[in-house]
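Below is input16.pdb, which holds PDB, C-alpha atoms, pLDDT in the B column.
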```pdb
ATOM      1  CA  MET A   1      20.343 -13.435 -26.603  1.00 49.00           C
ATOM      2  CA  HIS A   2      23.208 -13.077 -24.119  1.00 49.00           C
ATOM      3  CA  GLU A   3      22.869  -9.270 -24.163  1.00 46.00           C
ATOM      4  CA  GLN A   4      19.127  -9.459 -23.395  1.00 49.00           C
ATOM      5  CA  LYS A   5      19.749 -11.835 -20.461  1.00 50.00           C
ATOM      6  CA  PHE A   6      22.485  -9.513 -19.125  1.00 46.00           C
ATOM      7  CA  ARG A   7      20.128  -6.531 -19.345  1.00 45.00           C
ATOM      8  CA  GLN A   8      17.367  -8.397 -17.458  1.00 51.00           C
ATOM      9  CA  GLU A   9      19.713  -9.485 -14.651  1.00 56.00           C
ATOM     10  CA  ASN A  10      21.161  -5.999 -14.154  1.00 59.00           C
ATOM     11  CA  GLN A  11      17.953  -4.021 -14.523  1.00 71.00           C
ATOM     12  CA  VAL A  12      17.470  -1.520 -11.694  1.00 81.00           C
ATOM     13  CA  THR A  13      13.979  -1.109 -10.273  1.00 84.00           C
ATOM     14  CA  ASN A  14      12.582   2.414 -10.071  1.00 90.00           C
ATOM     15  CA  PRO A  15      11.679   2.738  -6.341  1.00 91.00           C
ATOM     16  CA  PHE A  16       8.925   5.300  -6.929  1.00 93.00           C
ATOM     17  CA  LEU A  17       7.081   3.284  -9.573  1.00 95.00           C
ATOM     18  CA  PHE A  18       7.594   0.094  -7.601  1.00 94.00           C
ATOM     19  CA  ALA A  19       6.092   1.722  -4.478  1.00 95.00           C
ATOM     20  CA  LEU A  20       3.078   2.997  -6.421  1.00 97.00           C
ATOM     21  CA  GLU A  21       2.343  -0.445  -7.810  1.00 97.00           C
ATOM     22  CA  LEU A  22       3.005  -2.197  -4.505  1.00 97.00           C
ATOM     23  CA  GLY A  23       0.779   0.238  -2.596  1.00 97.00           C
ATOM     24  CA  TYR A  24      -2.010  -0.167  -5.125  1.00 98.00           C
ATOM     25  CA  TYR A  25      -2.010  -3.954  -4.823  1.00 98.00           C
ATOM     26  CA  ALA A  26      -1.569  -3.864  -1.037  1.00 98.00           C
ATOM     27  CA  GLY A  27      -4.611  -1.608  -0.752  1.00 97.00           C
ATOM     28  CA  LEU A  28      -6.621  -3.568  -3.287  1.00 97.00           C
ATOM     29  CA  ILE A  29      -5.974  -6.952  -1.668  1.00 97.00           C
ATOM     30  CA  TRP A  30      -5.938  -6.031   2.006  1.00 97.00           C
ATOM     31  CA  GLY A  31      -8.718  -3.462   1.568  1.00 96.00           C
ATOM     32  CA  ALA A  32     -10.864  -6.275   0.170  1.00 96.00           C
ATOM     33  CA  VAL A  33      -9.938  -8.416   3.174  1.00 97.00           C
ATOM     34  CA  ARG A  34     -10.889  -5.509   5.497  1.00 95.00           C
ATOM     35  CA  TRP A  35     -14.230  -5.231   3.719  1.00 95.00           C
ATOM     36  CA  GLY A  36     -14.708  -8.996   4.111  1.00 95.00           C
ATOM     37  CA  PHE A  37     -13.914  -8.749   7.816  1.00 96.00           C
ATOM     38  CA  TYR A  38     -16.559  -6.043   8.171  1.00 95.00           C
ATOM     39  CA  TRP A  39     -19.108  -7.934   6.097  1.00 95.00           C
ATOM     40  CA  LEU A  40     -18.534 -11.164   8.061  1.00 96.00           C
ATOM     41  CA  GLN A  41     -18.679  -9.154  11.312  1.00 95.00           C
ATOM     42  CA  PHE A  42     -15.149 -10.009  12.438  1.00 96.00           C
ATOM     43  CA  SER A  43     -14.606  -6.265  12.713  1.00 95.00           C
ATOM     44  CA  ARG A  44     -17.041  -3.500  13.540  1.00 94.00           C
ATOM     45  CA  ILE A  45     -14.785  -0.865  11.985  1.00 94.00           C
ATOM     46  CA  LEU A  46     -16.186   0.462   8.724  1.00 93.00           C
ATOM     47  CA  PRO A  47     -14.145  -0.030   5.550  1.00 93.00           C
ATOM     48  CA  GLY A  48     -14.226   3.764   5.221  1.00 92.00           C
ATOM     49  CA  PHE A  49     -12.942   4.531   8.722  1.00 92.00           C
ATOM     50  CA  LEU A  50     -10.158   6.697   7.244  1.00 93.00           C
ATOM     51  CA  LEU A  51     -12.840   8.952   5.743  1.00 94.00           C
ATOM     52  CA  GLU A  52     -14.783   9.345   9.006  1.00 91.00           C
ATOM     53  CA  PRO A  53     -13.486  12.892   9.675  1.00 88.00           C
ATOM     54  CA  PHE A  54     -14.501  13.995   6.155  1.00 91.00           C
ATOM     55  CA  PHE A  55     -17.852  12.312   5.435  1.00 92.00           C
ATOM     56  CA  LYS A  56     -21.054  11.788   7.365  1.00 92.00           C
ATOM     57  CA  HIS A  57     -21.365   8.406   9.035  1.00 89.00           C
ATOM     58  CA  PRO A  58     -24.600   7.374   7.232  1.00 92.00           C
ATOM     59  CA  PHE A  59     -22.779   7.720   3.889  1.00 95.00           C
ATOM     60  CA  LEU A  60     -19.879   5.544   5.071  1.00 94.00           C
ATOM     61  CA  VAL A  61     -22.310   2.795   6.097  1.00 93.00           C
ATOM     62  CA  SER A  62     -23.833   2.726   2.588  1.00 94.00           C
ATOM     63  CA  THR A  63     -22.418   0.613  -0.237  1.00 93.00           C
ATOM     64  CA  ALA A  64     -21.058   3.708  -1.970  1.00 95.00           C
ATOM     65  CA  GLY A  65     -19.374   4.752   1.279  1.00 94.00           C
ATOM     66  CA  GLN A  66     -17.834   1.325   1.686  1.00 94.00           C
ATOM     67  CA  ILE A  67     -16.452   1.464  -1.857  1.00 95.00           C
ATOM     68  CA  ALA A  68     -15.113   4.950  -1.116  1.00 96.00           C
ATOM     69  CA  GLY A  69     -13.541   3.466   2.013  1.00 95.00           C
ATOM     70  CA  TRP A  70     -11.867   0.736  -0.022  1.00 96.00           C
ATOM     71  CA  LEU A  71     -10.505   3.369  -2.405  1.00 97.00           C
ATOM     72  CA  SER A  72      -9.251   5.427   0.557  1.00 97.00           C
ATOM     73  CA  PHE A  73      -7.446   2.350   1.894  1.00 97.00           C
ATOM     74  CA  ILE A  74      -5.815   1.903  -1.517  1.00 97.00           C
ATOM     75  CA  GLY A  75      -4.670   5.543  -1.410  1.00 97.00           C
ATOM     76  CA  PHE A  76      -3.426   5.120   2.157  1.00 97.00           C
ATOM     77  CA  SER A  77      -1.541   1.969   1.134  1.00 98.00           C
ATOM     78  CA  VAL A  78       0.152   3.790  -1.749  1.00 98.00           C
ATOM     79  CA  ILE A  79       1.382   6.486   0.650  1.00 98.00           C
ATOM     80  CA  ALA A  80       2.510   3.877   3.205  1.00 98.00           C
ATOM     81  CA  ALA A  81       4.330   1.868   0.522  1.00 97.00           C
ATOM     82  CA  LEU A  82       6.084   5.016  -0.725  1.00 97.00           C
ATOM     83  CA  ILE A  83       7.276   5.763   2.806  1.00 97.00           C
ATOM     84  CA  TYR A  84       8.455   2.184   3.343  1.00 97.00           C
ATOM     85  CA  VAL A  85      10.268   1.922   0.021  1.00 96.00           C
ATOM     86  CA  LEU A  86      11.978   5.284   0.506  1.00 95.00           C
ATOM     87  CA  LEU A  87      13.078   4.639   4.099  1.00 95.00           C
ATOM     88  CA  CYS A  88      13.349   0.880   4.550  1.00 92.00           C
ATOM     89  CA  ARG A  89      13.951  -0.768   1.191  1.00 88.00           C
ATOM     90  CA  LYS A  90      17.346  -2.177   2.226  1.00 89.00           C
ATOM     91  CA  LEU A  91      15.966  -4.039   5.250  1.00 90.00           C
ATOM     92  CA  LYS A  92      15.906  -7.816   4.838  1.00 91.00           C
ATOM     93  CA  GLY A  93      13.417 -10.454   5.842  1.00 90.00           C
ATOM     94  CA  PRO A  94       9.812 -10.360   6.998  1.00 93.00           C
ATOM     95  CA  TRP A  95      10.235  -8.730  10.421  1.00 95.00           C
ATOM     96  CA  PRO A  96      10.646  -5.089   9.333  1.00 96.00           C
ATOM     97  CA  GLY A  97       7.394  -5.334   7.377  1.00 96.00           C
ATOM     98  CA  ILE A  98       5.574  -6.911  10.294  1.00 97.00           C
ATOM     99  CA  ALA A  99       6.827  -4.131  12.568  1.00 97.00           C
ATOM    100  CA  TYR A 100       5.740  -1.568   9.961  1.00 97.00           C
ATOM    101  CA  GLY A 101       2.190  -2.944   9.952  1.00 97.00           C
ATOM    102  CA  VAL A 102       2.038  -2.958  13.747  1.00 98.00           C
ATOM    103  CA  LEU A 103       3.374   0.608  13.788  1.00 98.00           C
ATOM    104  CA  TRP A 104       0.613   1.762  11.436  1.00 97.00           C
ATOM    105  CA  TRP A 105      -2.026   0.007  13.563  1.00 97.00           C
ATOM    106  CA  VAL A 106      -0.727   1.855  16.647  1.00 97.00           C
ATOM    107  CA  VAL A 107      -0.559   5.183  14.790  1.00 96.00           C
ATOM    108  CA  LEU A 108      -4.088   4.921  13.362  1.00 95.00           C
ATOM    109  CA  PHE A 109      -5.985   3.305  16.213  1.00 95.00           C
ATOM    110  CA  VAL A 110      -4.110   4.459  19.319  1.00 94.00           C
ATOM    111  CA  VAL A 111      -2.318   7.730  18.500  1.00 94.00           C
ATOM    112  CA  LEU A 112      -4.440   9.514  15.860  1.00 92.00           C
ATOM    113  CA  ASN A 113      -7.842   8.060  16.686  1.00 89.00           C
ATOM    114  CA  PRO A 114      -8.466  10.218  19.803  1.00 86.00           C
ATOM    115  CA  TRP A 115      -7.895  13.395  17.756  1.00 88.00           C
ATOM    116  CA  LEU A 116      -9.491  12.428  14.455  1.00 87.00           C
ATOM    117  CA  GLY A 117     -12.255  10.171  15.748  1.00 84.00           C
ATOM    118  CA  PHE A 118     -11.925   7.413  13.166  1.00 87.00           C
ATOM    119  CA  THR A 119     -13.605   4.844  15.425  1.00 90.00           C
ATOM    120  CA  ASP A 120     -14.392   4.169  19.045  1.00 89.00           C
ATOM    121  CA  PRO A 121     -11.255   3.934  21.208  1.00 91.00           C
ATOM    122  CA  VAL A 122      -9.439   0.598  21.172  1.00 93.00           C
ATOM    123  CA  ILE A 123     -10.459  -0.129  24.766  1.00 93.00           C
ATOM    124  CA  LYS A 124     -14.144   0.199  23.771  1.00 94.00           C
ATOM    125  CA  GLN A 125     -13.837  -2.088  20.721  1.00 94.00           C
ATOM    126  CA  THR A 126     -14.673  -5.776  20.924  1.00 95.00           C
ATOM    127  CA  TRP A 127     -11.845  -8.298  21.157  1.00 95.00           C
ATOM    128  CA  ASP A 128     -12.640  -9.760  17.753  1.00 95.00           C
ATOM    129  CA  THR A 129     -12.488  -6.290  16.181  1.00 96.00           C
ATOM    130  CA  ASN A 130      -9.139  -5.451  17.778  1.00 96.00           C
ATOM    131  CA  ILE A 131      -7.597  -8.818  16.961  1.00 97.00           C
ATOM    132  CA  SER A 132      -8.902  -8.776  13.368  1.00 97.00           C
ATOM    133  CA  GLU A 133      -7.653  -5.248  12.678  1.00 96.00           C
ATOM    134  CA  PHE A 134      -4.300  -5.875  14.366  1.00 97.00           C
ATOM    135  CA  CYS A 135      -3.742  -9.067  12.376  1.00 97.00           C
ATOM    136  CA  LEU A 136      -4.862  -7.422   9.141  1.00 97.00           C
ATOM    137  CA  PHE A 137      -2.447  -4.521   9.565  1.00 98.00           C
ATOM    138  CA  THR A 138       0.320  -6.940  10.518  1.00 98.00           C
ATOM    139  CA  LEU A 139      -0.209  -8.956   7.329  1.00 98.00           C
ATOM    140  CA  TRP A 140      -0.605  -5.779   5.253  1.00 97.00           C
ATOM    141  CA  GLY A 141       2.749  -4.547   6.587  1.00 97.00           C
ATOM    142  CA  LEU A 142       4.315  -7.947   5.944  1.00 97.00           C
ATOM    143  CA  PHE A 143       3.056  -7.792   2.353  1.00 97.00           C
ATOM    144  CA  ILE A 144       4.592  -4.358   1.804  1.00 97.00           C
ATOM    145  CA  GLY A 145       7.821  -5.077   3.686  1.00 96.00           C
ATOM    146  CA  TYR A 146       8.638  -8.512   2.357  1.00 94.00           C
ATOM    147  CA  THR A 147       7.733  -7.638  -1.223  1.00 94.00           C
ATOM    148  CA  THR A 148      10.082  -4.673  -0.951  1.00 94.00           C
ATOM    149  CA  ALA A 149      12.816  -6.859   0.570  1.00 92.00           C
ATOM    150  CA  GLN A 150      12.448  -9.332  -2.292  1.00 90.00           C
ATOM    151  CA  GLU A 151      12.869  -6.541  -4.831  1.00 90.00           C
ATOM    152  CA  PHE A 152      15.638  -4.435  -3.312  1.00 88.00           C
ATOM    153  CA  THR A 153      17.834  -6.846  -1.342  1.00 84.00           C
ATOM    154  CA  ASP A 154      19.522 -10.115  -2.090  1.00 70.00           C
ATOM    155  CA  GLU A 155      16.536 -12.091  -0.775  1.00 56.00           C
ATOM    156  CA  ARG A 156      15.965 -13.301  -4.339  1.00 58.00           C
ATOM    157  CA  MET A 157      19.384 -14.943  -4.244  1.00 60.00           C
ATOM    158  CA  ARG A 158      18.150 -17.270  -1.499  1.00 59.00           C
ATOM    159  CA  GLU A 159      15.437 -18.625  -3.791  1.00 61.00           C
ATOM    160  CA  PRO A 160      16.316 -21.817  -5.670  1.00 65.00           C
ATOM    161  CA  LYS A 161      17.442 -21.269  -9.247  1.00 67.00           C
ATOM    162  CA  LYS A 162      15.204 -22.627 -11.998  1.00 68.00           C
ATOM    163  CA  VAL A 163      16.945 -25.130 -14.193  1.00 67.00           C
ATOM    164  CA  THR A 164      16.238 -24.509 -17.849  1.00 68.00           C
ATOM    165  CA  GLY A 165      16.845 -27.332 -20.189  1.00 58.00           C
TER     166      GLY A 165
END
```
Please, can you express the file's structure as structure tokens?
Amino acid sequence: MHEQKFRQENQVTNPFLFALELGYYAGLIWGAVRWGFYWLQFSRILPGFLLEPFFKHPFLVSTAGQIAGWLSFIGFSVIAALIYVLLCRKLKGPWPGIAYGVLWWVVLFVVLNPWLGFTDPVIKQTWDTNISEFCLFTLWGLFIGYTTAQEFTDERMREPKKVTG
């Protein structure tokens, strides 16, 4: 019994497998929220905006295109989580993750968008679209960053211990 408890407390997390799982769930959850934002018309950006350079727009508007867009966001989230875990896994607290989400929003919508044509430029989007997408990417980054901080830093030590009786 004591040996099993010792093994559980000193178990080292595989960063690669952790990042794959984290990215999958980040994309699954926040991709669903993105789809909900589009469906509820908080955002005019298609769920499949990452696929815009590769597929025709009428396909991306269809249900199959929106599902493909959700899957592309899951794939994108896996890549982003891998990058974060490899480069930033020792950073503590929520702020690095928030900054990571904001950075990705800037990269996708401000830097790459003029060249790849994902969507209309940010200045031509509605306020509700820009605010919704910015907040979504901020929370998505927070999810990736803080989950990573909980796993790879001593953030878990700040949590109250469970008393077993």
Quiz item: For A:His57, which of A:Trp35, A:Phe118, A:Tyr100, A:Trp30 is the closest residue, counting all atoms listed in the file?
Solution: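 Closest to A:His57, using all atoms listed in the file: A:Phe118.
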Quiz item: Which residue, A:Tyr24, A:Phe37, A:Phe109, A:Phe16, has the smallest gap to A:Leu71 when you use only C-alpha atoms?
Solution: A:Tyr24
Self-check item: Hits of the PyMOL selection byres ((chain A and resi 147) around 12) in this structure, as a PyMOL selection string
Solution: chain A and resi 18-19+21-23+25-26+81+84-85+88-98+139-146+148-153+155-156
Practice problem: Between atom CA of A:Gly75 and atom CA of A:Trp105, measure the distance and give it in Å to one decimal. | Solution: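 It comes out at 16.2 Å.
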Quiz item: When distances are computed from only C-alpha atoms, which of A:Pro15, A:Gly117, A:Pro53, A:Gly69 shows the smallest separation from A:Gly27?
Solution: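 Result for the nearest residue to A:Gly27: A:Gly69.
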Exercise. Would you mind telling me which residue in A:Ile83, A:Leu46, A:Leu20, A:Ser77 lies nearest to A:Gly65 when using all atoms listed in the file?
Key: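 When distances to A:Gly65 are compared using all atoms listed in the file, the smallest one comes from A:Leu46.
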Quiz prompt | Between atom CA of A:Val12 and atom CA of A:Leu87 - distance in Å to one decimal | solution = 17.5 Å
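Pairwise distance (atom CA of A:Thr126, atom CA of A:Leu40) equals 14.5 Å.
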Would you place a box with edges along x, y and z of the file around all atoms of stretch 127-133 of chain A listed there, add 3 Å to each of its six sides, and report the centre and edge lengths in Å to one decimal, as AutoDock Vina command-line options?
```
--center_x -10.1 --center_y -7.5 --center_z 16.9 --size_x 11.0 --size_y 10.5 --size_z 14.5
```
Practice problem: Compare A:Ala64, A:Ser43, A:Gln11, A:Ser72 by their minimum atom-to-atom distance to A:Leu28, counting only C-alpha atoms, and give me the closest one. | Solution: A:Ser72
The PyMOL selection byres ((chain A and resi 116) around 12) on the file shown: which residues, as a short mmCIF file (atom, residue, chain, number, x, y, z; two decimals) with C-alpha atoms, keeping the file's coordinate frame?
```cif
data_model
loop_
_atom_site.label_atom_id
_atom_site.label_comp_id
_atom_site.auth_asym_id
_atom_site.auth_seq_id
_atom_site.Cartn_x
_atom_site.Cartn_y
_atom_site.Cartn_z
CA PHE A 49 -12.94 4.53 8.72
CA LEU A 50 -10.16 6.70 7.24
CA LEU A 51 -12.84 8.95 5.74
CA GLU A 52 -14.78 9.35 9.01
CA PRO A 53 -13.49 12.89 9.68
CA PHE A 54 -14.50 14.00 6.16
CA VAL A 107 -0.56 5.18 14.79
CA LEU A 108 -4.09 4.92 13.36
CA PHE A 109 -5.98 3.30 16.21
CA VAL A 110 -4.11 4.46 19.32
CA VAL A 111 -2.32 7.73 18.50
CA LEU A 112 -4.44 9.51 15.86
CA ASN A 113 -7.84 8.06 16.69
CA PRO A 114 -8.47 10.22 19.80
CA TRP A 115 -7.90 13.40 17.76
CA GLY A 117 -12.26 10.17 15.75
CA PHE A 118 -11.92 7.41 13.17
CA THR A 119 -13.60 4.84 15.42
CA ASP A 120 -14.39 4.17 19.05
CA PRO A 121 -11.26 3.93 21.21
#
```
Practice problem: Find, counting all atoms listed in the file, the residue in A:Asn14, A:Leu136, A:Leu103, A:Phe76 that gets nearest to A:Phe42. | Solution: A:Leu136
Self-check item: Residues returned when the PyMOL selection byres ((chain A and resi 128) around 9) runs on this file, as a PyMOL selection string
Solution: chain A and resi 41-44+125-127+129-133
